[in-house]
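I have placed the structure first, in the form of C-alpha cells, so that the comments after it can refer back to it.
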2 protein chains.
Amino acid sequence: MERVDLILTDIDFVLTMDENFTEYKNTSIAIKDGKIVDIGEDVKNRYFGKTIVCKGKIAIPGLINTHTHAAMTLLRGYGSDNPLKVWLEEYIWPVEGQFVSYEFVKDGTQIAVYEMLRNGVTTFVDMYFYENAVADVLNKLGIRGVLSTGILDFPTPGAKTPDEGIAKTEEFIKEHKGSEYIYPAIGPHAPYTCSPETLKKAMDVAEKYDVLYHIHISETEFEVQTVKEKYGETPVKHLEKIGVLNSRVLAAHMVHPTDEEIELLAKKGVKVAHCPESNLKLASGIAPVPKMIEAGVIVGIGTDGTASNDDLDVIGEISTAAKLHKGYWKDPTVLNAKQALAMATREGAKAVRLENKIGTVEKGKKADIVLIDANQPHLNPLFDPYTQIVYSSKGLDVDTVIINGDIKVLNKEVLVIEKDYVLDIAKKWKEKIEALNKATQR
Amino acid sequence: MERVDLILTDIDFVLTMDENFTEYKNTSIAIKDGKIVDIGEDVKNRYFGKTIVCKGKIAIPGLINTHTHAAMTLLRGYGSDNPLKVWLEEYIWPVEGQFVSYEFVKDGTQIAVYEMLRNGVTTFVDMYFYENAVADVLNKLGIRGVLSTGILDFPTPGAKTPDEGIAKTEEFIKEHKGSEYIYPAIGPHAPYTCSPETLKKAMDVAEKYDVLYHIHISETEFEVQTVKEKYGETPVKHLEKIGVLNSRVLAAHMVHPTDEEIELLAKKGVKVAHCPESNLKLASGIAPVPKMIEAGVIVGIGTDGTASNDDLDVIGEISTAAKLHKGYWKDPTVLNAKQALAMATREGAKAVRLENKIGTVEKGKKADIVLIDANQPHLNPLFDPYTQIVYSSKGLDVDTVIINGDIKVLNKEVLVIEKDYVLDIAKKWKEKIEALNKATQR
C-alpha cells in the first residue's frame, strides 16, 4: 500500500476525455503531489490516504474557460438589452472609466472565481486590466489562470500607450513565468484597436517568452468592415500579412471568418475560443464552428465576460453550442456531446497550449478534476454520460472541484472563498455603480 | 388582523408580470383558499397565518411550460446526436412500441414532474398517450396540467383509429372538465399525420367543450413539404382552408411559417408554443419569434420532451430564446428580458387560455408563485431582476414553489415526491430500455 494525498473511490463514470474518449466505470483515482498517479478499480487496494467516496458521480477533467473578462462580473447584466452603442457608451465605458483599478479587478475577479469554481471551471483565460490583481486572487485560492492585460492603441487603465502596455506585460510575464497557477500571456486587444506595429511588437514578446497571444478576432461585422477599410484585408488575412498569425494565437470569437480564412487558421495552427452565448446576446452572429473543426482548427469554449453573457457556466456554454450549431447548420449530428465536452476540456487545453498538463484525466496529468452529481432526477435515466452532461446538466450540478490535487468545492459548497464575503463585495459595487449611473444619466 | 393560509414576507422583488410589468420591492403576499388575496408592505400587519420569510428572494408567477411530452422523460437523451431517422427508427419508436402503457406514462411523468417542480414549473401542457396516467399523477401531487392525448391517423398506444382517439378524448374531457388541476384539451398530432377529417372532428370537440386544440404545426421543413405536396398549401394555410384555424389553437413549434402565415396566425388568434432548444437540437430550424410577436401573435415557451431537449428547465429555455433571437436576427434589442420572462408566465397563460387564473402575481389570481434565490454570487451584483433571471439564473436557482397556495418546493427541496423514489423509477426503466435495445440492435 502506497500513501497518496487523495483518493476518489467508487466513481460511477470517469470520462478521461483523452483522444480515444477512454471511459472507466466504477473506478477510483489516486492523486499525489498535485498529479493523477493512478486510475483503476484496484486503486482502492493499492493506495491509502484521504478518501472521498464518489458514488453517483461522473468525473471529468476540470473545465477550461478559454475567454473571459473576470473582473467585469461587477457589471453583470448591467445595461443589458440595449443597442451595442448605448450599452457601451452609457453603461460599460462610464463605469470602467471611473472605477477600473486594482481593487475593482480584485473584487470582480473574486465574484467570478466563486462562480467559476461552483460551475467546475479550474482554468480560465482572462483579458482585462490590472491582471496582477487577478494573479493575486488566483495564487491565493489556487486556481489556474492564463492572464493577459488588454493592450490597445489608446490609453487604458494600466498604460498610457501600447508600448507601456507591452512593457508592463513583459514584466508580468517575467514575474509569473513558471508559476503553478499563473500562465502569463500577452493580450493585444484586436486587429481594429491595435496597429500592425503594436500587434507585431506583442508577437515579439510572445515568442521571446514562449507565451500565448490572446486576441479578439473577427467578433463583429463592424470589425471586419473596419479592418477591411483600414488595411484592405479581412482580419485573419490582415494578421497573416503582417506576420502575426501562428500557433501561439488564441483568437477569441472568430464569428465571421471567410472559408479561405478558416483554411488559413487551420494551416497556421491558430486556436479559437468560441463564445456562442456572448455572440448571440450581443447580436454579433454565429461562428462557423463545425466548419472550423472540420478544417482542423482547435476550438475551445469561452463564456466571455458576464457583462455580455451573463454567466460563467461553461457547461451551459457547451450545451448552447451543441444545440445552436445543429439548428443553425441544419444537421443534428454536428458538434455531438463528446465533441462539445471536449471543447471545454481537452481541446480547451490545446487552445491554451497546456495540453501536456491539463484537459484530460490521465496518469501524470495535473489533478484538475470535476465530479458531477448524476444522482438527480433531472439527469436520469442516464443512458449516456456525455449526452447527460451536455444536454441535461447545469454548472450547478457540479459537486466537487479539485485543482492540483486540492479540494476547492465539496458537496456543492465552495470551500476556498466565503459566499457572504462575495455577496458583500457585489453589494458594495452595485451601490457605487448605481450612484455613478444616477449622477451621469441626468 | 385577518387569518389567511400563507403569508410570504420580506420578498426582495415581486415581478407581477402584469401588462404594465408592475414590480414591488420589499413586500409581502397573503394567500387564502388557493388565491392571492393581497400584496403590499403592510400585508404583514393586516394578516396572520403560516409565514415564510423571503429575504433575498425574487417572486415571479409560476412558470408555464406550453409544450412537452412529460412521459418521454424515460427516454431522456436516448439516442441523442443521431440523424433524425436513426433516432426515431432505432431508438424512440421501438421503445414506445414495446413499452408505452399506463405504467410507463405514470412513471415517466413522475420524473418529469419532479424536475419541473424543481425548476419552478407550476403548469404544463402535455401531449402523449395514456393522459389519464398524467392526470392521476397531477391530481395526486396538486400540479396543473393542460392534457391532451395525441390523435393520429394511424394506430396509437391508446386508440386503433383517430375516431377512437377523439371519442376517448371526449370522455377524458367530460371526466376532468372543471377540475382544479386538470385542464383537458384535444391533441390532433399535426397536419401531416392527421387528415382534414380528423382535424375537423377534433375541432368540433374543442368547440363543443370549450377546450384547447393542441397541435404541432410547421415544425420541420419536411412537414411543410409533405403538407404542400398532399394539400397544395403550407401547413397554416392548409389549416385555415379546412376551417380549423382559430383562437383555440395552440401551435407547438411553428418554425417555418411564411410572412403571410404569420399574419394569419395573428388575425385568427392562434397561439404558439416556441420550443427553441428542441428545434435547435433536432435541427428543425429557428422560429421567427420576433416577427410573430411583432405581428401580435401570443407566444409561450415550451421545452418539448426531454427526449429532444434534454431538460424541462423553462428558465433555461427563455434564456436560450432571448439570446438566440438576438444573434440570429442580428439585433441585441429583440426579445428583451421582460418579454422573455413574459413568455414563460403571462403570455404562456394566454397561450393556454388560462390568463384569468394564472400567469401573473395579482390579487384574485391563483396562488401559483415561484421564489428565486437571488442571494447567490452568480446572480450578483443584481442591477435588474428580469435581466438576472433570464440571463444569469438557472431553473436550479428556484427556491420555493407554491401551487394553488400549497408549498410544493421549499429551500430547493421538492416536498411532494421523494427523490429516491424517482431515481428508482428511472433506474428500473433504464434497465428495461437498454435490454430491449440490446435485443433489437443485433
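Identifiers for the C-alpha cells are assigned positionally: chains receive A, B, ... in sequence, residues are indexed from 1 per chain, and ligands are indexed from 1 in the order shown.
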
Practice problem: Pull the alpha helix (DSSP H) assignments for region 174-320 of chain B out of DSSP run on the backbone, and list those residues as a VMD selection string. | Solution: chain B and resid 174 to 176 196 to 209 221 to 231 235 to 241 259 to 268 276 to 281 289 to 295 314 to 320

Quiz item: Could you name the residues that touch Ala367 (chain B) at 9 Å or less, counting only C-alpha atoms, but leaving out those on the same chain fewer than 6 positions away, as an MDAnalysis selection string?
Solution: chainID B and resid 31:37 61:62 358 361 402:406

Quiz item: Interatomic distance between CA of Gly302 (chain B) and CA of Arg144 (chain B)?
Solution: 15.1 Å

With only C-alpha atoms considered, list every residue of chain A at most 6 Å from chain B, as a CSV table (one decimal) with N, CA and C atoms, in the first residue's frame.
```
chain,number,residue,atom,x,y,z
A,81,ASP,N,-29.7,44.3,-23.0
A,81,ASP,CA,-30.8,44.5,-23.9
A,81,ASP,C,-30.9,45.9,-24.6
A,82,ASN,N,-29.8,46.7,-24.5
A,82,ASN,CA,-29.7,47.9,-25.2
A,82,ASN,C,-29.0,47.7,-26.5
A,83,PRO,N,-29.1,48.6,-27.4
A,83,PRO,CA,-28.3,48.6,-28.6
A,83,PRO,C,-26.8,48.7,-28.2
A,115,GLU,N,-18.1,31.9,-8.8
A,115,GLU,CA,-19.0,31.3,-9.8
A,115,GLU,C,-18.3,30.2,-10.6
A,280,LEU,N,-24.4,35.6,-29.4
A,280,LEU,CA,-25.8,35.7,-29.6
A,280,LEU,C,-26.4,36.9,-29.0
A,281,LYS,N,-26.0,37.1,-27.7
A,281,LYS,CA,-26.7,38.2,-26.9
A,281,LYS,C,-26.3,39.5,-27.4
A,282,LEU,N,-25.0,39.7,-27.9
A,282,LEU,CA,-24.6,41.0,-28.4
A,282,LEU,C,-24.9,41.1,-29.9
A,283,ALA,N,-25.6,40.1,-30.4
A,283,ALA,CA,-26.0,40.1,-31.9
A,283,ALA,C,-24.8,40.1,-32.8
A,285,GLY,N,-23.4,37.4,-34.1
A,285,GLY,CA,-23.6,36.4,-35.1
A,285,GLY,C,-23.3,35.0,-34.6
A,310,ASP,N,-25.0,36.3,-19.4
A,310,ASP,CA,-24.4,36.9,-18.3
A,310,ASP,C,-24.0,35.9,-17.2
A,311,ASP,N,-23.3,34.9,-17.6
A,311,ASP,CA,-22.8,33.9,-16.6
A,311,ASP,C,-21.5,33.3,-16.9
A,323,LYS,N,-26.3,22.7,-29.3
A,323,LYS,CA,-27.7,22.8,-29.9
A,323,LYS,C,-27.7,23.8,-31.0
A,324,LEU,N,-27.1,25.0,-30.7
A,324,LEU,CA,-27.1,26.1,-31.7
A,324,LEU,C,-26.6,25.6,-33.1
A,326,LYS,N,-26.3,22.7,-34.4
A,326,LYS,CA,-27.2,21.7,-35.1
A,326,LYS,C,-28.4,22.5,-35.8
A,327,GLY,N,-29.0,23.4,-35.0
A,327,GLY,CA,-30.1,24.1,-35.6
A,327,GLY,C,-29.7,25.0,-36.7
A,330,LYS,N,-28.5,23.1,-39.6
A,330,LYS,CA,-29.5,22.1,-40.1
A,330,LYS,C,-28.9,20.7,-40.2
A,331,ASP,N,-28.2,20.3,-39.1
A,331,ASP,CA,-27.7,18.9,-39.1
A,331,ASP,C,-27.6,18.4,-37.7
A,332,PRO,N,-28.5,17.5,-37.3
A,332,PRO,CA,-28.5,17.1,-35.9
A,332,PRO,C,-27.3,16.3,-35.4
A,333,THR,N,-26.3,16.0,-36.3
A,333,THR,CA,-25.2,15.2,-36.0
A,333,THR,C,-23.9,16.1,-35.7
A,336,ASN,N,-21.4,16.8,-31.6
A,336,ASN,CA,-22.1,15.9,-30.7
A,336,ASN,C,-21.6,16.1,-29.3
A,377,PRO,N,-32.9,13.5,-10.3
A,377,PRO,CA,-33.9,13.2,-11.3
A,377,PRO,C,-33.7,13.8,-12.6
A,378,HIS,N,-33.2,15.1,-12.7
A,378,HIS,CA,-33.1,15.7,-14.0
A,378,HIS,C,-31.9,15.2,-14.8
A,380,ASN,N,-31.6,11.7,-15.1
A,380,ASN,CA,-31.9,10.3,-15.2
A,380,ASN,C,-33.3,10.1,-16.0
A,381,PRO,N,-33.4,8.9,-16.6
A,381,PRO,CA,-32.5,7.9,-16.7
A,381,PRO,C,-31.2,8.3,-17.5
A,391,TYR,N,-26.4,18.0,-22.5
A,391,TYR,CA,-27.8,18.4,-22.8
A,391,TYR,C,-28.7,18.5,-21.5
A,392,SER,N,-28.3,17.8,-20.5
A,392,SER,CA,-29.3,17.9,-19.3
A,392,SER,C,-28.7,18.5,-18.1
A,423,LEU,N,-20.8,38.1,-1.7
A,423,LEU,CA,-22.1,38.9,-1.8
A,423,LEU,C,-21.9,40.3,-1.3
A,426,ALA,N,-20.2,42.3,-4.0
A,426,ALA,CA,-21.1,42.6,-5.1
A,426,ALA,C,-22.1,43.8,-4.7
A,430,LYS,N,-22.4,47.4,-6.5
A,430,LYS,CA,-23.7,47.7,-7.1
A,430,LYS,C,-24.1,49.1,-6.7
```

Practice problem: Write out as number ranges by chain the residues lying within 7 Å of region 43-57 of chain A, counting only C-alpha atoms and excluding same-chain residues fewer than 3 positions away. | Solution: A: 1-13, 28-30, 38-40, 371-375

Practice problem: Return the single residue from B:Lys208, B:Lys432, B:Ile186, B:Val137 that is closest to Phe99 (chain B), with distances computed using only C-alpha atoms. | Solution: B:Lys432

Quiz prompt | Spatial neighbours of Pro184 (chain A), max dist 6 Å, only C-alpha atoms, sep filter under 6 positions, as a ChimeraX atom specification | solution = /A:146-147,173

Take the residues that were just selected and, keeping C-alpha atoms, output them as a PDB file, in the first residue's frame.
```pdb
ATOM      1  CA  VAL A 146      -3.911  32.287 -18.358  1.00  0.00           C
ATOM      2  CA  LEU A 147      -3.703  36.012 -17.788  1.00  0.00           C
ATOM      3  CA  ILE A 173       5.486  37.533 -17.741  1.00  0.00           C
TER       4      ILE A 173
END
```

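Per DSSP on the backbone, strand (DSSP E or B) in region 112-229 of chain A comprises Val121, Thr122, Thr123, Phe124, Val125, Asp126, Met127, Tyr128, Arg144, Gly145, Val146, Leu147, Ser148, Thr149, Gly150, Ile151, Thr156, Ala159, Ile182, Tyr183, Pro184, Ile186, Gly187, Pro188, Tyr213, His214, Ile215, His216 and Ile217 of chain A.
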
Practice problem: Give me, please, the distance in Å between CA of His216 (chain A) and CA of Thr68 (chain A), quoted to one decimal. | Solution: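 Between CA of His216 (chain A) and CA of Thr68 (chain A) the gap is 11.0 Å.
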
Quiz item: At what distance in Å, to one decimal, does CA of Ala135 (chain A) lie from CA of Glu175 (chain A)?
Solution: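 Distance between the two atoms: 10.5 Å.
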
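Nearest residue to Gly359 (chain A), choosing from A:Val414, A:Thr123, A:Ile58, A:Lys291 and counting only C-alpha atoms: A:Thr123.
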
Practice problem: Mind checking which residues fall within 8 Å of Cys275 (chain B), counting only C-alpha atoms, ignoring those fewer than 5 positions away in the same chain, and posting them as a PyMOL selection string? | Solution: chain B and resi 67+252-253+301-304+317

Quiz prompt | Using only C-alpha atoms: which of A:Glu41, A:Glu362, A:Glu164, A:Glu261 has the shortest distance to Thr27 (chain A) | solution =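 Using only C-alpha atoms, Thr27 (chain A) sits closest to A:Glu41.
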